[in-house]
$ cat target-v2.cif   # mmCIF, C-alpha atoms, pLDDT in the B column; chains and numbers go by the auth columns
data_coords
loop_
_atom_site.group_PDB
_atom_site.id
_atom_site.type_symbol
_atom_site.label_atom_id
_atom_site.label_comp_id
_atom_site.label_asym_id
_atom_site.label_seq_id
_atom_site.Cartn_x
_atom_site.Cartn_y
_atom_site.Cartn_z
_atom_site.B_iso_or_equiv
_atom_site.auth_seq_id
_atom_site.auth_asym_id
ATOM 1 C CA MET A 1 -25.433 2.192 29.288 57.00 23 A
ATOM 2 C CA ALA A 2 -22.121 3.769 28.346 72.00 24 A
ATOM 3 C CA ALA A 3 -23.749 7.148 28.993 78.00 25 A
ATOM 4 C CA GLY A 4 -24.148 6.315 32.672 77.00 26 A
ATOM 5 C CA GLN A 5 -20.560 5.210 32.996 81.00 27 A
ATOM 6 C CA ALA A 6 -19.424 8.379 31.229 83.00 28 A
ATOM 7 C CA MET A 7 -21.470 10.454 33.699 82.00 29 A
ATOM 8 C CA MET A 8 -19.688 8.766 36.604 83.00 30 A
ATOM 9 C CA GLN A 9 -16.357 9.905 35.219 83.00 31 A
ATOM 10 C CA LYS A 10 -17.433 13.356 34.009 86.00 32 A
ATOM 11 C CA ASP A 11 -19.264 14.474 37.138 85.00 33 A
ATOM 12 C CA GLY A 12 -16.706 13.281 39.676 88.00 34 A
ATOM 13 C CA CYS A 13 -18.742 10.432 41.169 92.00 35 A
ATOM 14 C CA GLY A 14 -15.610 8.277 41.103 91.00 36 A
ATOM 15 C CA ALA A 15 -14.101 10.357 43.903 93.00 37 A
ATOM 16 C CA CYS A 16 -16.444 8.575 46.339 94.00 38 A
ATOM 17 C CA HIS A 17 -17.774 5.572 44.397 95.00 39 A
ATOM 18 C CA ALA A 18 -16.376 2.655 42.415 94.00 40 A
ATOM 19 C CA VAL A 19 -18.195 -0.089 40.561 94.00 41 A
ATOM 20 C CA ASP A 20 -16.911 -2.971 42.654 95.00 42 A
ATOM 21 C CA LYS A 21 -15.544 -1.584 45.934 96.00 43 A
ATOM 22 C CA LYS A 22 -16.509 0.842 48.677 95.00 44 A
ATOM 23 C CA ILE A 23 -14.489 4.044 48.722 94.00 45 A
ATOM 24 C CA VAL A 24 -16.264 6.766 50.705 94.00 46 A
ATOM 25 C CA GLY A 25 -19.663 5.797 49.364 95.00 47 A
ATOM 26 C CA PRO A 26 -20.936 2.333 48.508 96.00 48 A
ATOM 27 C CA ALA A 27 -19.847 0.294 45.513 97.00 49 A
ATOM 28 C CA TYR A 28 -22.307 0.665 42.674 97.00 50 A
ATOM 29 C CA GLN A 29 -22.699 -3.123 42.532 97.00 51 A
ATOM 30 C CA ASP A 30 -23.865 -3.047 46.169 98.00 52 A
ATOM 31 C CA VAL A 31 -26.372 -0.307 45.376 98.00 53 A
ATOM 32 C CA ALA A 32 -27.732 -2.378 42.474 98.00 54 A
ATOM 33 C CA ALA A 33 -28.026 -5.460 44.706 98.00 55 A
ATOM 34 C CA LYS A 34 -29.818 -3.546 47.463 97.00 56 A
ATOM 35 C CA TYR A 35 -32.404 -2.090 45.084 97.00 57 A
ATOM 36 C CA LYS A 36 -32.851 -5.158 42.858 96.00 58 A
ATOM 37 C CA GLY A 37 -36.557 -5.712 42.228 95.00 59 A
ATOM 38 C CA ASP A 38 -37.537 -2.310 43.667 97.00 60 A
ATOM 39 C CA ALA A 39 -39.817 -0.714 41.090 97.00 61 A
ATOM 40 C CA GLY A 40 -39.223 2.726 42.604 98.00 62 A
ATOM 41 C CA ALA A 41 -35.429 2.467 42.693 98.00 63 A
ATOM 42 C CA LEU A 42 -34.776 4.712 39.706 98.00 64 A
ATOM 43 C CA ALA A 43 -36.826 7.557 41.167 98.00 65 A
ATOM 44 C CA LYS A 44 -35.492 7.111 44.732 97.00 66 A
ATOM 45 C CA LEU A 45 -31.854 6.980 43.723 97.00 67 A
ATOM 46 C CA SER A 46 -32.173 9.809 41.202 98.00 68 A
ATOM 47 C CA GLN A 47 -33.570 11.993 43.985 98.00 69 A
ATOM 48 C CA LYS A 48 -30.650 11.034 46.277 97.00 70 A
ATOM 49 C CA VAL A 49 -28.132 11.991 43.613 97.00 71 A
ATOM 50 C CA LYS A 50 -29.872 15.336 43.008 97.00 72 A
ATOM 51 C CA THR A 51 -30.589 16.395 46.602 97.00 73 A
ATOM 52 C CA GLY A 52 -28.130 14.325 48.646 96.00 74 A
ATOM 53 C CA GLY A 53 -28.852 12.072 51.586 92.00 75 A
ATOM 54 C CA ALA A 54 -27.450 10.514 54.724 90.00 76 A
ATOM 55 C CA GLY A 55 -27.641 7.457 56.903 85.00 77 A
ATOM 56 C CA VAL A 56 -28.330 4.814 54.276 89.00 78 A
ATOM 57 C CA TRP A 57 -24.769 3.527 53.741 91.00 79 A
ATOM 58 C CA GLY A 58 -23.005 4.894 56.802 89.00 80 A
ATOM 59 C CA PRO A 59 -22.230 8.165 58.524 91.00 81 A
ATOM 60 C CA VAL A 60 -20.809 10.080 55.553 91.00 82 A
ATOM 61 C CA PRO A 61 -23.580 12.002 53.753 94.00 83 A
ATOM 62 C CA MET A 62 -24.030 11.986 49.999 95.00 84 A
ATOM 63 C CA PRO A 63 -23.623 15.601 48.853 95.00 85 A
ATOM 64 C CA PRO A 64 -26.304 17.138 46.645 96.00 86 A
ATOM 65 C CA ASN A 65 -25.610 17.484 42.933 95.00 87 A
ATOM 66 C CA PRO A 66 -28.073 20.142 41.726 96.00 88 A
ATOM 67 C CA GLN A 67 -25.768 21.104 38.848 94.00 89 A
ATOM 68 C CA VAL A 68 -26.213 17.725 37.138 93.00 90 A
ATOM 69 C CA ALA A 69 -29.042 17.568 34.608 93.00 91 A
ATOM 70 C CA ASP A 70 -31.958 15.276 35.457 95.00 92 A
ATOM 71 C CA GLY A 71 -31.457 13.280 32.254 92.00 93 A
ATOM 72 C CA ASP A 72 -27.816 12.696 33.128 91.00 94 A
ATOM 73 C CA ILE A 73 -28.744 11.537 36.621 94.00 95 A
ATOM 74 C CA LYS A 74 -31.330 9.150 35.195 94.00 96 A
ATOM 75 C CA ALA A 75 -28.730 7.718 32.779 92.00 97 A
ATOM 76 C CA LEU A 76 -26.255 7.225 35.625 94.00 98 A
ATOM 77 C CA VAL A 77 -28.749 5.574 37.968 96.00 99 A
ATOM 78 C CA SER A 78 -30.139 3.377 35.187 95.00 100 A
ATOM 79 C CA TRP A 79 -26.614 2.150 34.489 95.00 101 A
ATOM 80 C CA ILE A 80 -25.899 1.536 38.188 96.00 102 A
ATOM 81 C CA LEU A 81 -29.046 -0.578 38.496 97.00 103 A
ATOM 82 C CA THR A 82 -27.813 -2.896 35.702 96.00 104 A
ATOM 83 C CA LEU A 83 -24.595 -3.810 37.524 95.00 105 A
ATOM 84 C CA LYS A 84 -24.116 -7.249 39.025 89.00 106 A
ATOM 85 C CA LYS A 85 -21.508 -8.668 41.377 77.00 107 A
#
$ encode --input "target-v2.cif" --output "structure tokens"
Amino acid sequence: MAAGQAMMQKDGCGACHAVDKKIVGPAYQDVAAKYKGDAGALAKLSQKVKTGGAGVWGPVPMPPNPQVADGDIKALVSWILTLKK
């Protein structure tokens, strides 16, 4: 899962997210906990990363990231979903 962690650093996700604490967006551990056991989590979260979203974690919207390759997004989200508190 090092690829997912590398994507977080390379694509600037760390400006709003951290593994274990809320910055602007939710902590990745909180995302993993919320979607634990959700068979559709990978697809849902990958879509959010690609197209953006709002209202799930508070008033600040997640910006779209159309420049990030689908495979990179999948690697990032797969890694996030493995995190535990």
$ residues_around --input "target-v2.cif" --residues "segment 25-27 of chain A" --least-positions-apart "4" --cutoff "7 Å" --atoms "only C-alpha atoms" --output "short mmCIF file (atom, residue, chain, number, x, y, z; two decimals) with C-alpha atoms, in the coordinates of the input"
data_model
loop_
_atom_site.label_atom_id
_atom_site.label_comp_id
_atom_site.auth_asym_id
_atom_site.auth_seq_id
_atom_site.Cartn_x
_atom_site.Cartn_y
_atom_site.Cartn_z
CA GLN A 31 -16.36 9.90 35.22
CA ALA A 97 -28.73 7.72 32.78
CA LEU A 98 -26.26 7.22 35.62
CA TRP A 101 -26.61 2.15 34.49
#
$ atom_distance --input "target-v2.cif" --atom1 "atom CA of Lys96 of chain A" --atom2 "atom CA of Ser68 of chain A"
6.1 Å
$ atom_distance --input "target-v2.cif" --atom1 "atom CA of Pro85 of chain A" --atom2 "atom CA of Met30 of chain A"
14.6 Å
$ residues_around --input "target-v2.cif" --residues "Lys72 of chain A" --least-positions-apart "6" --cutoff "12 Å" --atoms "only C-alpha atoms" --output "number ranges by chain"
A: 65-66, 84-96, 98-99
$ write_last_selection --input "target-v2.cif" --atoms "C-alpha atoms" --output "mmCIF file, in the coordinates of the input"
data_model
loop_
_atom_site.group_PDB
_atom_site.id
_atom_site.type_symbol
_atom_site.label_atom_id
_atom_site.label_comp_id
_atom_site.auth_asym_id
_atom_site.auth_seq_id
_atom_site.Cartn_x
_atom_site.Cartn_y
_atom_site.Cartn_z
ATOM 1 C CA ALA A 65 -36.826 7.557 41.167
ATOM 2 C CA LYS A 66 -35.492 7.111 44.732
ATOM 3 C CA MET A 84 -24.030 11.986 49.999
ATOM 4 C CA PRO A 85 -23.623 15.601 48.853
ATOM 5 C CA PRO A 86 -26.304 17.138 46.645
ATOM 6 C CA ASN A 87 -25.610 17.484 42.933
ATOM 7 C CA PRO A 88 -28.073 20.142 41.726
ATOM 8 C CA GLN A 89 -25.768 21.104 38.848
ATOM 9 C CA VAL A 90 -26.213 17.725 37.138
ATOM 10 C CA ALA A 91 -29.042 17.568 34.608
ATOM 11 C CA ASP A 92 -31.958 15.276 35.457
ATOM 12 C CA GLY A 93 -31.457 13.280 32.254
ATOM 13 C CA ASP A 94 -27.816 12.696 33.128
ATOM 14 C CA ILE A 95 -28.744 11.537 36.621
ATOM 15 C CA LYS A 96 -31.330 9.150 35.195
ATOM 16 C CA LEU A 98 -26.255 7.225 35.625
ATOM 17 C CA VAL A 99 -28.749 5.574 37.968
#
$ resolve_selection --input "target-v2.cif" --expression "the PyMOL selection byres ((chain A and resi 52-60) around 9)" --output "ChimeraX atom specification"
/A:41-44,48-51,61-64,102-107
$ axis_aligned_box --input "target-v2.cif" --around "segment 48-53 of chain A" --padding-each-side "8 Å" --output "AutoDock Vina command-line options"
--center_x -23.1 --center_y -0.4 --center_z 45.5 --size_x 22.5 --size_y 21.5 --size_z 22.0
$ atom_distance --input "target-v2.cif" --atom1 "atom CA of Asp33 of chain A" --atom2 "atom CA of Gly77 of chain A"
22.6 Å
$ residues_near_point --input "target-v2.cif" --point "(-18.7, 2.3, 55.8)" --cutoff "8 Å" --atoms "all atoms listed in the file" --output "number ranges by chain"
A: 44, 46-48, 79-81
$ write_last_selection --input "target-v2.cif" --atoms "C-alpha atoms" --output "PDB file, in the frame of the given file"
ATOM      1  CA  LYS A  44     -16.509   0.842  48.677  1.00 95.00           C
ATOM      2  CA  VAL A  46     -16.264   6.766  50.705  1.00 94.00           C
ATOM      3  CA  GLY A  47     -19.663   5.797  49.364  1.00 95.00           C
ATOM      4  CA  PRO A  48     -20.936   2.333  48.508  1.00 96.00           C
ATOM      5  CA  TRP A  79     -24.769   3.527  53.741  1.00 91.00           C
ATOM      6  CA  GLY A  80     -23.005   4.894  56.802  1.00 89.00           C
ATOM      7  CA  PRO A  81     -22.230   8.165  58.524  1.00 91.00           C
TER       8      PRO A  81
END
$ decode --input "target-v2.cif" --residues "segment 34-92 of chain A" --atoms "C-alpha atoms" --output "tab-separated table (two decimals), in the first residue's frame"
chain	number	residue	atom	x	y	z
A	34	GLY	CA	-1.07	17.31	-2.51
A	35	CYS	CA	-3.76	15.47	-0.53
A	36	GLY	CA	-1.80	16.21	2.64
A	37	ALA	CA	-2.72	19.89	2.37
A	38	CYS	CA	-6.23	18.99	3.59
A	39	HIS	CA	-5.90	15.45	4.98
A	40	ALA	CA	-3.73	13.59	7.47
A	41	VAL	CA	-3.77	9.95	8.46
A	42	ASP	CA	-4.70	10.47	12.09
A	43	LYS	CA	-6.13	13.99	12.48
A	44	LYS	CA	-8.62	16.31	10.82
A	45	ILE	CA	-7.06	19.24	9.00
A	46	VAL	CA	-9.50	20.76	6.51
A	47	GLY	CA	-10.83	17.39	5.45
A	48	PRO	CA	-11.31	14.29	7.58
A	49	ALA	CA	-8.52	12.10	8.89
A	50	TYR	CA	-8.01	9.10	6.66
A	51	GLN	CA	-8.46	6.80	9.66
A	52	ASP	CA	-11.94	8.30	10.17
A	53	VAL	CA	-12.79	7.73	6.52
A	54	ALA	CA	-11.70	4.09	6.82
A	55	ALA	CA	-13.80	3.63	9.97
A	56	LYS	CA	-16.89	5.19	8.39
A	57	TYR	CA	-16.72	2.96	5.32
A	58	LYS	CA	-15.60	-0.25	7.06
A	59	GLY	CA	-17.63	-3.17	5.73
A	60	ASP	CA	-19.08	-1.13	2.84
A	61	ALA	CA	-18.55	-3.22	-0.28
A	62	GLY	CA	-19.01	-0.16	-2.49
A	63	ALA	CA	-16.59	2.07	-0.59
A	64	LEU	CA	-13.75	1.85	-3.10
A	65	ALA	CA	-15.98	2.96	-5.97
A	66	LYS	CA	-17.78	5.67	-3.95
A	67	LEU	CA	-14.63	7.21	-2.55
A	68	SER	CA	-12.74	6.99	-5.85
A	69	GLN	CA	-15.57	8.94	-7.48
A	70	LYS	CA	-15.41	11.59	-4.71
A	71	VAL	CA	-11.68	12.03	-5.22
A	72	LYS	CA	-12.12	12.36	-9.00
A	73	THR	CA	-15.19	14.62	-9.14
A	74	GLY	CA	-15.25	16.26	-5.70
A	75	GLY	CA	-18.09	16.40	-3.22
A	76	ALA	CA	-19.62	18.31	-0.35
A	77	GLY	CA	-21.61	17.90	2.81
A	78	VAL	CA	-20.32	14.53	3.97
A	79	TRP	CA	-17.66	15.71	6.46
A	80	GLY	CA	-18.66	19.32	6.98
A	81	PRO	CA	-19.17	22.53	5.05
A	82	VAL	CA	-15.86	22.62	3.16
A	83	PRO	CA	-16.21	20.86	-0.22
A	84	MET	CA	-13.72	18.34	-1.52
A	85	PRO	CA	-12.31	19.79	-4.76
A	86	PRO	CA	-12.32	17.64	-7.89
A	87	ASN	CA	-9.07	16.03	-8.99
A	88	PRO	CA	-9.60	15.20	-12.68
A	89	GLN	CA	-5.85	15.38	-13.35
A	90	VAL	CA	-5.14	12.33	-11.19
A	91	ALA	CA	-5.15	9.01	-13.04
A	92	ASP	CA	-7.89	6.55	-12.11
